[in-house]
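**Q** I'm passing along coords.pdb; it holds PDB, C-alpha atoms.
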```
ATOM      1  CA  MET J 237      35.742 -12.355   8.317
ATOM      2  CA  GLY J 238      33.981  -9.934  10.663
ATOM      3  CA  THR J 239      30.379  -8.886  11.035
ATOM      4  CA  VAL J 240      27.895  -7.191   8.758
ATOM      5  CA  THR J 241      24.708  -5.230   9.444
ATOM      6  CA  LEU J 242      21.779  -6.692   7.548
ATOM      7  CA  GLY J 243      18.139  -5.800   7.077
ATOM      8  CA  VAL J 244      15.290  -7.452   5.197
ATOM      9  CA  SER J 245      12.487  -5.391   3.721
ATOM     10  CA  ILE J 246       9.853  -4.920   1.070
ATOM     11  CA  ALA J 247      10.863  -2.125  -1.287
ATOM     12  CA  VAL J 248       8.252   0.512  -2.046
ATOM     13  CA  PRO J 249       8.135   0.569  -5.863
ATOM     14  CA  GLU J 250       8.485   3.565  -8.156
ATOM     15  CA  PRO J 251       7.258   6.189  -8.437
ATOM     16  CA  TYR J 252       6.200   5.993  -4.777
ATOM     17  CA  GLY J 253       9.596   5.009  -3.360
ATOM     18  CA  SER J 254      11.588   7.964  -4.636
ATOM     19  CA  PHE J 255       8.689  10.347  -3.930
ATOM     20  CA  LEU J 256       8.569   9.324  -0.253
ATOM     21  CA  GLN J 257      12.368   9.401   0.022
ATOM     22  CA  ARG J 258      12.435  12.979  -1.326
ATOM     23  CA  GLN J 259       9.675  13.943   1.097
ATOM     24  CA  ARG J 260      11.635  12.422   3.990
ATOM     25  CA  GLU J 261      14.709  14.415   2.975
ATOM     26  CA  GLY J 262      12.579  17.560   2.678
ATOM     27  CA  PHE J 263      11.363  17.165   6.253
ATOM     28  CA  GLY J 264      15.011  17.320   7.362
ATOM     29  CA  ASP J 265      15.738  13.633   7.987
ATOM     30  CA  SER J 266      19.462  13.511   7.182
ATOM     31  CA  ALA J 267      19.504   9.683   7.097
ATOM     32  CA  ALA J 268      16.959   9.582   4.241
ATOM     33  CA  PRO J 269      19.430   9.547   1.292
ATOM     34  CA  GLY J 270      20.983   6.306   2.551
ATOM     35  CA  ILE J 271      17.730   4.454   3.251
ATOM     36  CA  PRO J 272      15.670   3.136   0.337
ATOM     37  CA  THR J 273      11.928   3.514   1.019
ATOM     38  CA  HIS J 274      10.712   0.241   2.493
ATOM     39  CA  ILE J 275       8.569  -1.804   4.867
ATOM     40  CA  THR J 276      10.856  -3.507   7.383
ATOM     41  CA  LEU J 277      10.663  -7.276   7.824
ATOM     42  CA  LEU J 278      13.932  -7.689   9.770
ATOM     43  CA  PRO J 279      15.338  -4.558  11.421
ATOM     44  CA  PRO J 280      19.083  -3.819  11.370
ATOM     45  CA  THR J 281      20.744  -7.003  12.624
ATOM     46  CA  GLN J 282      24.415  -7.865  13.200
ATOM     47  CA  ALA J 283      25.533 -11.163  11.646
ATOM     48  CA  ALA J 284      28.818 -12.911  11.053
ATOM     49  CA  ALA J 285      29.874 -12.494   7.423
ATOM     50  CA  GLU J 286      30.358 -16.256   7.088
ATOM     51  CA  ALA J 287      26.707 -16.769   8.072
ATOM     52  CA  LEU J 288      25.473 -14.998   4.905
ATOM     53  CA  PRO J 289      25.055 -18.146   2.734
ATOM     54  CA  GLY J 290      22.853 -19.746   5.416
ATOM     55  CA  ILE J 291      20.851 -16.554   5.828
ATOM     56  CA  GLU J 292      20.289 -16.347   2.073
ATOM     57  CA  ARG J 293      19.159 -20.002   1.943
ATOM     58  CA  HIS J 294      16.723 -19.318   4.785
ATOM     59  CA  LEU J 295      15.307 -16.227   3.043
ATOM     60  CA  ALA J 296      14.917 -18.148  -0.238
ATOM     61  CA  GLU J 297      12.971 -20.870   1.628
ATOM     62  CA  VAL J 298      10.723 -18.264   3.248
ATOM     63  CA  ALA J 299      10.038 -16.592  -0.116
ATOM     64  CA  ALA J 300       9.218 -19.969  -1.706
ATOM     65  CA  GLY J 301       6.386 -20.414   0.819
ATOM     66  CA  PHE J 302       4.570 -17.170  -0.048
ATOM     67  CA  ARG J 303       2.571 -15.881  -2.992
ATOM     68  CA  PRO J 304       2.173 -12.290  -4.226
ATOM     69  CA  PHE J 305      -0.348 -10.285  -2.218
ATOM     70  CA  PRO J 306      -1.887  -6.803  -2.502
ATOM     71  CA  LEU J 307      -0.569  -3.957  -0.417
ATOM     72  CA  ARG J 308      -2.030  -0.502   0.076
ATOM     73  CA  LEU J 309      -0.431   2.451   1.841
ATOM     74  CA  GLU J 310      -2.779   5.150   3.038
ATOM     75  CA  GLY J 311      -2.554   8.021   5.501
ATOM     76  CA  THR J 312      -0.030   8.654   8.247
ATOM     77  CA  GLY J 313       0.558   7.739  11.867
ATOM     78  CA  THR J 314       3.192   8.164  14.540
ATOM     79  CA  PHE J 315       4.865   6.149  17.283
ATOM     80  CA  ARG J 316       5.421   9.304  19.352
ATOM     81  CA  PRO J 317       5.971   9.654  22.277
ATOM     82  CA  LEU J 318       7.256   6.063  22.513
ATOM     83  CA  SER J 319       9.557   6.443  19.493
ATOM     84  CA  PRO J 320      10.300   9.566  17.380
ATOM     85  CA  VAL J 321       8.847   8.190  14.141
ATOM     86  CA  VAL J 322       6.173   9.362  11.689
ATOM     87  CA  TYR J 323       5.095   6.861   9.068
ATOM     88  CA  VAL J 324       2.740   6.061   6.213
ATOM     89  CA  LYS J 325       0.257   3.387   7.275
ATOM     90  CA  VAL J 326      -0.096  -0.052   5.727
ATOM     91  CA  ALA J 327      -3.866  -0.090   5.141
ATOM     92  CA  GLU J 328      -4.005  -3.440   3.311
ATOM     93  CA  GLY J 329      -1.492  -6.295   3.405
ATOM     94  CA  GLU J 330      -0.661  -6.035   7.109
ATOM     95  CA  ALA J 331      -1.368  -9.741   7.704
ATOM     96  CA  GLY J 332       0.959 -10.760   4.858
ATOM     97  CA  CYS J 333       3.769  -8.525   6.127
ATOM     98  CA  THR J 334       3.301  -9.834   9.672
ATOM     99  CA  ALA J 335       3.420 -13.465   8.523
ATOM    100  CA  LEU J 336       6.529 -12.805   6.430
ATOM    101  CA  GLN J 337       8.492 -11.158   9.221
ATOM    102  CA  ALA J 338       7.501 -13.932  11.655
ATOM    103  CA  ARG J 339       8.861 -16.602   9.280
ATOM    104  CA  ILE J 340      12.032 -14.601   8.642
ATOM    105  CA  ARG J 341      12.666 -14.148  12.384
ATOM    106  CA  ALA J 342      11.605 -17.701  13.327
ATOM    107  CA  ALA J 343      13.394 -18.971  16.448
ATOM    108  CA  SER J 344      14.681 -21.982  14.506
ATOM    109  CA  GLY J 345      16.310 -19.890  11.767
ATOM    110  CA  PRO J 346      19.493 -17.853  11.345
ATOM    111  CA  CYS J 347      17.633 -14.510  11.621
ATOM    112  CA  ALA J 348      16.034 -15.208  15.016
ATOM    113  CA  ARG J 349      15.834 -12.110  17.163
ATOM    114  CA  GLU J 350      13.568 -10.301  19.584
ATOM    115  CA  LEU J 351      12.078  -6.937  18.640
ATOM    116  CA  GLN J 352      12.209  -3.843  20.825
ATOM    117  CA  PHE J 353       8.534  -3.111  20.039
ATOM    118  CA  PRO J 354       5.703  -5.324  18.689
ATOM    119  CA  TYR J 355       5.836  -5.633  14.894
ATOM    120  CA  HIS J 356       3.783  -2.993  13.077
ATOM    121  CA  PRO J 357       4.357  -2.752   9.292
ATOM    122  CA  HIS J 358       4.796   0.842   8.100
ATOM    123  CA  VAL J 359       6.891   3.131   5.876
ATOM    124  CA  THR J 360       8.974   5.606   7.888
ATOM    125  CA  ILE J 361       8.830   9.179   6.540
ATOM    126  CA  ALA J 362      10.499  10.985   9.480
ATOM    127  CA  HIS J 363      12.726   9.702  12.269
ATOM    128  CA  GLY J 364      14.448  11.515  15.096
ATOM    129  CA  ILE J 365      13.950  15.049  13.788
ATOM    130  CA  ALA J 366      12.455  18.174  15.388
ATOM    131  CA  ASP J 367       8.844  17.876  16.553
ATOM    132  CA  GLU J 368       7.684  20.650  14.188
ATOM    133  CA  ALA J 369       9.157  18.746  11.225
ATOM    134  CA  MET J 370       7.559  15.514  12.454
ATOM    135  CA  ASP J 371       4.205  17.331  12.598
ATOM    136  CA  ARG J 372       4.739  18.622   9.031
ATOM    137  CA  ALA J 373       5.506  15.081   7.832
ATOM    138  CA  GLN J 374       2.412  13.672   9.488
ATOM    139  CA  SER J 375       0.059  16.323   8.114
ATOM    140  CA  GLY J 376       1.819  16.778   4.761
ATOM    141  CA  LEU J 377       1.412  13.138   3.713
ATOM    142  CA  ALA J 378      -1.937  12.459   5.405
ATOM    143  CA  ASP J 379      -3.608  12.140   1.971
ATOM    144  CA  PHE J 380      -0.904   9.895   0.479
ATOM    145  CA  SER J 381      -1.987   6.545  -0.936
ATOM    146  CA  ALA J 382      -0.379   3.874  -3.090
ATOM    147  CA  THR J 383      -1.387   0.356  -4.123
ATOM    148  CA  TRP J 384       0.646  -2.475  -5.648
ATOM    149  CA  THR J 385       1.160  -6.235  -5.454
ATOM    150  CA  ILE J 386       4.099  -7.436  -3.384
ATOM    151  CA  GLY J 387       6.092  -9.980  -5.361
ATOM    152  CA  GLY J 388       8.906 -10.637  -2.898
ATOM    153  CA  PHE J 389      11.367  -8.994  -0.528
ATOM    154  CA  ALA J 390      15.065  -8.187  -0.395
ATOM    155  CA  LEU J 391      18.194  -8.443   1.743
ATOM    156  CA  TYR J 392      20.122  -5.209   2.336
ATOM    157  CA  GLU J 393      23.510  -4.546   3.923
ATOM    158  CA  GLN J 394      24.487  -1.292   5.583
ATOM    159  CA  GLY J 395      27.889  -0.007   4.530
ATOM    160  CA  ALA J 396      30.446   1.827   6.663
ATOM    161  CA  ASP J 397      29.044   5.037   5.118
ATOM    162  CA  ALA J 398      25.612   4.231   6.715
ATOM    163  CA  VAL J 399      24.054   3.651   3.260
ATOM    164  CA  TRP J 400      21.812   0.599   2.836
ATOM    165  CA  ARG J 401      22.553  -1.352  -0.357
ATOM    166  CA  LEU J 402      20.554  -4.099  -2.023
ATOM    167  CA  GLU J 403      22.361  -7.442  -1.750
ATOM    168  CA  ARG J 404      19.814  -9.902  -3.105
ATOM    169  CA  GLU J 405      16.140 -10.085  -3.997
ATOM    170  CA  PHE J 406      13.905 -13.004  -3.024
ATOM    171  CA  PRO J 407      10.885 -13.190  -5.359
ATOM    172  CA  PHE J 408       7.778 -15.166  -4.505
ATOM    173  CA  PRO J 409       6.860 -17.976  -6.898
ATOM    174  CA  PRO J 410       4.269 -16.767  -9.410
ATOM    175  CA  GLN J 411       0.627 -17.658  -8.957
ATOM    176  CA  THR J 412      -0.473 -20.235 -11.481
ATOM    177  CA  ALA J 413      -3.989 -21.008 -12.502
ATOM    178  CA  GLY J 414      -4.990 -24.641 -12.492
ATOM    179  CA  VAL J 415      -5.194 -26.222 -15.936
ATOM    180  CA  PRO J 416      -7.412 -29.272 -16.493
ATOM    181  CA  ARG J 417      -5.304 -32.298 -17.373
ATOM    182  CA  GLN J 418      -7.142 -32.955 -20.641
ATOM    183  CA  ALA J 419      -6.629 -29.375 -21.818
ATOM    184  CA  ALA J 420      -2.915 -29.348 -21.105
ATOM    185  CA  ASP J 421      -1.895 -30.016 -24.724
ATOM    186  CA  LEU J 422      -4.680 -30.052 -27.271
ATOM    187  CA  SER J 423      -2.253 -30.132 -30.194
ATOM    188  CA  ARG J 424      -1.401 -33.803 -29.569
ATOM    189  CA  PRO J 425      -3.766 -36.667 -30.268
ATOM    190  CA  PRO J 426      -4.904 -38.678 -27.274
ATOM    191  CA  ALA J 427      -2.799 -41.667 -26.344
ATOM    192  CA  PRO J 428      -4.241 -44.987 -27.406
ATOM    193  CA  SER J 429      -5.988 -46.908 -24.687
ATOM    194  CA  CYS J 430      -5.118 -50.514 -23.892
TER     195      CYS J 430
END
```
What does this structure look like when you write it as structure tokens?

**A**
Amino acid sequence: MGTVTLGVSIAVPEPYGSFLQRQREGFGDSAAPGIPTHITLLPPTQAAAEALPGIERHLAEVAAGFRPFPLRLEGTGTFRPLSPVVYVKVAEGEAGCTALQARIRAASGPCARELQFPYHPHVTIAHGIADEAMDRAQSGLADFSATWTIGGFALYEQGADAVWRLEREFPFPPQTAGVPRQAADLSRPPAPSC
């Protein structure tokens, strides 16, 4: 059946996602149109196509163990000179993202893999472009901020055209408030006692 290139990420919601993607394109990053704006949990990874059902089961199990958590993007940073990347910082929610990616890449699971660099959640806004454009990206979005609640993550597959496409979403279970047992159904009379 062959191999596929997969990635797992948290999508940056609208209107922030398309805004940052347009900015990335404007800085001259030619890959931007094919990359939805995201926070990476599993970087591009080769997998056998027949392994997909097991990978999806694993991701569903990971999602079932998490609850929605707040995330805030604020300001910019860079990995230069180590890596030619400028990004928007994750200012709140870093611990949740780090825990998620660790569970996804667990050594016992089908997505186990080593990373080239230590995990650092971020949203890439420029990659591998001229230094002047990288500087413009870093200064131009220095005041950017966005806040939302993360409700899950998604599996993407990269096509032969280098475009990343959503394959499946993995929502977290909703948070539920505890309800006292007696108040569960006040419309019914109490059961008779023996």

**Q** Residues picked by the PyMOL selection byres ((chain J and resi 309-324) around 9) here, as a compact mmCIF listing (two decimals) with C-alpha atoms, keeping the file's coordinate frame?

**A**
```txt
# COMPACT_ATOMS: atom_id res chain seq x y z
CA LEU J 307 -0.57 -3.96 -0.42
CA ARG J 308 -2.03 -0.50 0.08
CA LYS J 325 0.26 3.39 7.28
CA VAL J 326 -0.10 -0.05 5.73
CA ALA J 327 -3.87 -0.09 5.14
CA GLU J 328 -4.00 -3.44 3.31
CA GLY J 329 -1.49 -6.30 3.40
CA HIS J 358 4.80 0.84 8.10
CA VAL J 359 6.89 3.13 5.88
CA THR J 360 8.97 5.61 7.89
CA ILE J 361 8.83 9.18 6.54
CA ALA J 362 10.50 10.98 9.48
CA HIS J 363 12.73 9.70 12.27
CA GLY J 364 14.45 11.52 15.10
CA ILE J 365 13.95 15.05 13.79
CA ASP J 367 8.84 17.88 16.55
CA MET J 370 7.56 15.51 12.45
CA ASP J 371 4.20 17.33 12.60
CA ALA J 373 5.51 15.08 7.83
CA GLN J 374 2.41 13.67 9.49
CA SER J 375 0.06 16.32 8.11
CA LEU J 377 1.41 13.14 3.71
CA ALA J 378 -1.94 12.46 5.40
CA ASP J 379 -3.61 12.14 1.97
CA PHE J 380 -0.90 9.90 0.48
CA SER J 381 -1.99 6.54 -0.94
CA ALA J 382 -0.38 3.87 -3.09
CA THR J 383 -1.39 0.36 -4.12
```

**Q** Could you check how far atom CA of Glu250 of chain J sits from atom CA of Glu292 of chain J, in Å to one decimal?

**A** 25.3 Å

**Q** The PyMOL selection byres ((chain J and resi 341) around 12) on the file shown: which residues, as a list in words?

**A**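 Against this file, the PyMOL selection byres ((chain J and resi 341) around 12) returns the residues Gly243, Val244, Thr276, Leu277, Leu278, Pro279, Thr281, Ile291, His294, Leu295, Val298, Thr334, Ala335, Leu336, Gln337, Ala338, Arg339, Ile340, Ala342, Ala343, Ser344, Gly345, Pro346, Cys347, Ala348, Arg349, Glu350, Leu351 and Tyr355 of chain J.
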
**Q** Translate the PyMOL selection byres ((chain J and resi 301) around 10) into a concrete residue list for this structure, as a tab-separated table (two decimals) with C-alpha atoms, keeping the file's coordinate frame.

**A**
```
chain	number	residue	atom	x	y	z
J	296	ALA	CA	14.92	-18.15	-0.24
J	297	GLU	CA	12.97	-20.87	1.63
J	298	VAL	CA	10.72	-18.26	3.25
J	299	ALA	CA	10.04	-16.59	-0.12
J	300	ALA	CA	9.22	-19.97	-1.71
J	302	PHE	CA	4.57	-17.17	-0.05
J	303	ARG	CA	2.57	-15.88	-2.99
J	336	LEU	CA	6.53	-12.80	6.43
J	339	ARG	CA	8.86	-16.60	9.28
J	408	PHE	CA	7.78	-15.17	-4.50
J	409	PRO	CA	6.86	-17.98	-6.90
```

**Q** Would you compute the distance between atom CA of Ala390 of chain J and atom CA of Ala283 of chain J? Give it in Å to one decimal.

**A** 16.2 Å

**Q** Could you check how far atom CA of Gly270 of chain J sits from atom CA of Pro249 of chain J, in Å to one decimal?

**A** 16.4 Å

**Q** So, with all atoms listed in the file as the atoms that count, which of J:Asp265, J:Glu330, J:Glu368, J:Glu405 lies closest to Gly388 of chain J?

**A**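 Closest to Gly388 of chain J, using all atoms listed in the file: J:Glu405.
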
**Q** Using all atoms listed in the file, which of the listed residues (J:Pro272, J:Pro410, J:Gly376, J:Pro306) sits closest to Gly332 of chain J?

**A**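 Using all atoms listed in the file, the shortest distance to Gly332 of chain J belongs to J:Pro306.
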
**Q** Rank J:Tyr252, J:Phe353, J:Phe263, J:Phe305 by their smallest atom-to-atom distance to Phe389 of chain J, using only C-alpha atoms, and report the top residue only.

**A** J:Phe305

**Q** How big is the axis-aligned box around all listed atoms of segment 279-297 of chain J once 4 Å goes on each side, and where's its centre, in Å to one decimal, as JSON?

**A**
```
{"center_x": 21.7, "center_y": -12.3, "center_z": 6.5, "size_x": 25.4, "size_y": 25.1, "size_z": 21.4}
```

**Q** Find the residues around Thr239 of chain J up to 8 Å (all atoms listed in the file counted), leave out those fewer than 3 positions away in its own chain, and share them as a list in words.

**A**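 Skipping anything fewer than 3 positions along the chain leaves Gln282, Ala283, Ala284 and Ala285 of chain J.
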
**Q** Using all atoms listed in the file, which of the listed residues (J:Gly290, J:Val248, J:His356, J:Ile386) sits closest to Ile271 of chain J?

**A**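 For Ile271 of chain J, the nearest of the given residues is J:Val248.
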
**Q** Select, from J:Arg293, J:Arg260, J:Arg401, J:His274, the residue with the minimum atom-to-atom distance to Arg372 of chain J, counting only C-alpha atoms.

**A**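 Of the candidates, the smallest distance to Arg372 of chain J is held by J:Arg260.
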
**Q** In the coordinate frame of the file, compute which residues have an atom within 10 Å of (24.4, 3.8, 4.0) when using only C-alpha atoms, and state them as number ranges by chain.

**A** J: 267-272, 393-401
